[in-house]
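The structure appears right after this line, and notes come after that.
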Amino acid sequence: MIMLSSSPLFAPLAAGDRSADSPTRRRDELLERFGDRIVVNRAFSRQLVSWQSNRDAHGFRWFKYKEGFSAELVRHLMGFLPGQGRLLDPFAGTGAAPITASGQGWQGIGVEILPVGAIIANGLLAAGAASPAAFQRRAQELLQCAASTDTGNLSPDDWFPHIRITEKAFPPAAEIAIAMVRSRLRQYGPGPETDLLNLAAIAALEDASWTSKDGQYLRWDHRSGRNLKARMEKRGVQSYADSLGSKLSVIAGDLTELSQIYRQDQVRIIEGSCYDVLPNLPDNSIDAVITSPPYANRYDYTRTYALELAWLGYDNRRISELRQRLLSATVENRSKREELAAGHGDALALFDRHPAIAEITDALEAANARRELPNPHVIRLVRNYFMEMTVVIAELSRLCRPGASVFMVNDNVQYHGEEVPVDLILSDLAEQCGFRTEAIWALARGKGNASQQMGRFGRRELRKCVYWWVRE
């Protein structure tokens, strides 16, 4: 076990009320058990455990994928790992963990269900096989197309395939430029240069739109013409040609560096659900896991990345289906219990008897019975989240060799004043699945509860943590 260090990098976190009649008794018991392993690690900043540190990272800076963690964090955590082997990320995002690990001599496996993340990761991996000269030549062609206004040869398929959530996302000039670029991309054959051009075209969408990504949804500029409740004016809306030019320039500048930093031949990105992919991986085949699952915070990635999904041809039906396949983290997710029951009965039984989860959901049920809960579907969200994470943790236990480390980035949450200590519950589930919790590293500064909860329940700082589990 990691003991509290005398170094100023580490400081203990205070425990809460642990009285026997406390309405949070089950959670208090977990805090009592894990309390000496919860330490503030001042080496971890918000920038390190989020996308922000990727702003200057070769490859990962191409796309603002704010839900991921940084390549720098991966390198930091790998400093705790002996030797080399096979590293897995079951929620790979843009592939920061497996791709960065390849640069340290590891084999990397990333599983990602969101097509946007998989395309970014595979585009980055394609850089090693791309010809810089051919890429530059086609990039110039693409920019000339983006600047053209001659729409006479465009087909209906060239225009941006809007869905309900993306209607009016672009100024008229951007709509034309996007159509011109899509038309030219269709003329290129398959290959790494085409993959990179397509990635740049997708990455350029947001900066040329009236939208901004904001966690649970897209925020809209009032100039878009949509019927909006809030007035927001987005700064620096670029022309699509300018936005595309910026992306192409950054990619071109990284091509040589990437082939030297990462080992693309040592990385496999699998697009699909971890529920489908992990059971097909062999027992005891993984030496380390670095991951950050979706948080139980109601963020809906299918809305956040609606522009990119629409570009890829996802209509309203396919987006709805994709939303249901994601790890349950929104109030719209239906239970996956029936489909998980056949192969994960033991994990579901472990979830069913977990007292802290029951304590939280019972408290929310009671609040709902008093008509105090603004959205009763958060009860289903909490249940589904922990049920599915129990299945994921059980699969990781099967896959990991003895001595393998799992590092997981996650946030605690709060609903209707009920704190959900995700770090303690997941660590307890991990220990029941055969892991040992070495440390729960908390950031020096947590996050506040939602503004709508502060007025009634006061401000409460919630832990943002990195967990370290070791397979027994």
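Each chain of the structure tokens is named A, B, ... in the order shown, its residues numbered from 1; ligands are numbered from 1 in display order.
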
>> Residues within 12 Å of Pro82 (chain A), please, as a PyMOL selection string. Count only C-alpha atoms; anything in the same chain fewer than 2 positions from it doesn't count.
In response: chain A and resi 77-80+84-85+104-106+287-288+403-405

Resulting file, chosen residues, N, CA, C and O atoms, as a short mmCIF file (atom, residue, chain, number, x, y, z; two decimals), in the first residue's frame:
data_model
loop_
_atom_site.label_atom_id
_atom_site.label_comp_id
_atom_site.auth_asym_id
_atom_site.auth_seq_id
_atom_site.Cartn_x
_atom_site.Cartn_y
_atom_site.Cartn_z
N LEU A 77 1.99 8.12 -15.41
CA LEU A 77 1.52 6.89 -14.77
C LEU A 77 2.37 5.69 -15.16
O LEU A 77 2.57 4.78 -14.35
N MET A 78 2.90 5.69 -16.37
CA MET A 78 3.73 4.57 -16.79
C MET A 78 5.05 4.52 -16.01
O MET A 78 5.72 3.49 -15.98
N GLY A 79 5.39 5.63 -15.36
CA GLY A 79 6.56 5.62 -14.49
C GLY A 79 6.41 4.71 -13.29
O GLY A 79 7.40 4.35 -12.64
N PHE A 80 5.17 4.30 -12.97
CA PHE A 80 4.93 3.38 -11.87
C PHE A 80 4.96 1.92 -12.31
O PHE A 80 4.79 1.01 -11.49
N GLN A 84 7.86 -3.81 -19.60
CA GLN A 84 6.99 -3.51 -20.72
C GLN A 84 6.00 -4.65 -20.89
O GLN A 84 6.13 -5.69 -20.25
N GLY A 85 5.04 -4.45 -21.76
CA GLY A 85 4.04 -5.49 -21.98
C GLY A 85 2.91 -4.96 -22.84
O GLY A 85 3.12 -4.19 -23.77
N GLN A 104 6.73 4.09 -25.48
CA GLN A 104 7.53 3.60 -24.36
C GLN A 104 7.87 2.11 -24.52
O GLN A 104 8.31 1.47 -23.57
N GLY A 105 7.64 1.60 -25.73
CA GLY A 105 7.98 0.20 -25.99
C GLY A 105 6.89 -0.80 -25.67
O GLY A 105 7.14 -2.01 -25.70
N TRP A 106 5.69 -0.34 -25.36
CA TRP A 106 4.57 -1.23 -25.04
C TRP A 106 3.73 -1.50 -26.28
O TRP A 106 3.74 -0.72 -27.23
N ASP A 287 -1.08 -6.36 -19.15
CA ASP A 287 -0.11 -6.02 -18.12
C ASP A 287 -0.39 -4.68 -17.45
O ASP A 287 0.15 -4.41 -16.37
N ALA A 288 -1.20 -3.84 -18.06
CA ALA A 288 -1.54 -2.55 -17.47
C ALA A 288 -2.78 -1.99 -18.16
O ALA A 288 -3.04 -2.28 -19.33
N GLY A 403 -0.33 -8.88 -10.63
CA GLY A 403 0.64 -7.79 -10.57
C GLY A 403 0.37 -6.65 -11.53
O GLY A 403 1.03 -5.61 -11.46
N ALA A 404 -0.59 -6.84 -12.45
CA ALA A 404 -0.92 -5.78 -13.41
C ALA A 404 -1.58 -4.60 -12.69
O ALA A 404 -2.34 -4.78 -11.74
N SER A 405 -1.28 -3.41 -13.16
CA SER A 405 -1.85 -2.19 -12.58
C SER A 405 -2.97 -1.64 -13.45
O SER A 405 -2.91 -1.70 -14.68
#

>> Could you list, as a VMD selection string, every residue within 10 Å of region 52-55 of chain A, counting only C-alpha atoms and ignoring same-chain residues fewer than 2 positions away?
In response: chain A and resid 45 to 50 57 to 73 96

Using only C-alpha atoms, which residues sit within 10 Å of Pro374 (chain A) once same-chain residues fewer than 5 positions away are excluded, as a PDB file with C-alpha atoms, in the first residue's frame?
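Once written, out21.pdb looks like this:
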ATOM      1  CA  ALA A 367     -36.646  12.189  -2.349  1.00  0.00           C
ATOM      2  CA  ASN A 368     -38.634  11.322  -5.454  1.00  0.00           C
ATOM      3  CA  TYR A 415     -27.553  14.414  -7.074  1.00  0.00           C
ATOM      4  CA  HIS A 416     -30.117  16.185  -4.892  1.00  0.00           C
TER       5      HIS A 416
END

>> Between CA of Thr24 (chain A) and CA of Asn297 (chain A), what is the distance in Å, rounded to a tenth?
In response: 20.5 Å

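Using only C-alpha atoms, the shortest contact distance between Arg334 (chain A) and any of A:Cys274, A:Ile379, A:Ile178, A:Met232 is found at A:Ile379.
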
>> List as a PyMOL selection string the protein and nucleic acid residues near region 113-119 of chain A, meaning an atom at most 6 Å away when only C-alpha atoms are counted, but skip any in the same chain fewer than 5 places from it.
In response: chain A and resi 93-94+271-273

>> Just want the 12 Å neighbourhood of Leu399 (chain A), counted on only C-alpha atoms, with same-chain residues fewer than 6 positions away dropped. Output as a VMD selection string.
In response: chain A and resid 86 to 90 277 to 289 392 to 393 405 to 406 433 to 435 471

>> Between A:Pro402, A:Gly83, A:Gly128, A:Pro421, which residue has the minimum interatomic distance to Gln266 (chain A), considering only C-alpha atoms?
In response: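 Smallest separation from Gln266 (chain A) among the options: A:Gly128.
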
>> Counting only C-alpha atoms, which residue out of A:Trp159, A:Tyr262, A:Trp468, A:Tyr314 sits closest to Leu424 (chain A)?
In response: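 With only C-alpha atoms as the atom set, the closest residue is A:Trp468.
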
>> Using only C-alpha atoms, can you tell me which of A:Arg398, A:Ser328, A:Trp469, A:Ser239 comes closest to Ala296 (chain A)?
In response: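 Using only C-alpha atoms, the shortest distance to Ala296 (chain A) belongs to A:Ser328.
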
>> Please identify the strand (DSSP E) residues within region 167-342 of chain A (assignment by DSSP from backbone atoms) and present them as a list of chain:residue names.
In response: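 For region 167-342 of chain A, the strand (DSSP E) set is A:Thr211, A:Ser212, A:Lys213, A:Asp214, A:Tyr217, A:Leu218, A:Arg219, A:Trp220, A:Val267, A:Arg268, A:Ile269, A:Ile270, A:Glu271, A:Ile286, A:Asp287, A:Ala288, A:Val289, A:Ile290, A:Thr291.
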
>> Using only C-alpha atoms, can you tell me which of A:Leu309, A:Ala201, A:Ala329, A:Val267 comes closest to Val111 (chain A)?
In response: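 Answer, going by the shortest atom-to-atom distance: A:Val267.
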
> Per DSSP on the backbone, what are the helix (DSSP H, G or I) residues of region 92-239 of chain A, as a PyMOL selection string?
Replying inline: chain A and resi 96-102+115-129+132-147+156-158+164-166+172-187+192-203+206-208+222-224

>> Just want the 10 Å neighbourhood of Val181 (chain A), counted on only C-alpha atoms, with same-chain residues fewer than 5 positions away dropped. Output as a count of residues only.
In response: 18

>> Would you pick out the contacts of Ala179 (chain A) at 9 Å or less, using only C-alpha atoms, so that residues sharing its chain but fewer than 5 positions from it are not included, and give the list as a count of residues only?
In response: 10

> What is the distance between CA of Lys336 (chain A) and CA of Asn384 (chain A), in Å to one decimal?
Replying inline: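 Interatomic distance, CA of Lys336 (chain A) to CA of Asn384 (chain A): 7.6 Å.
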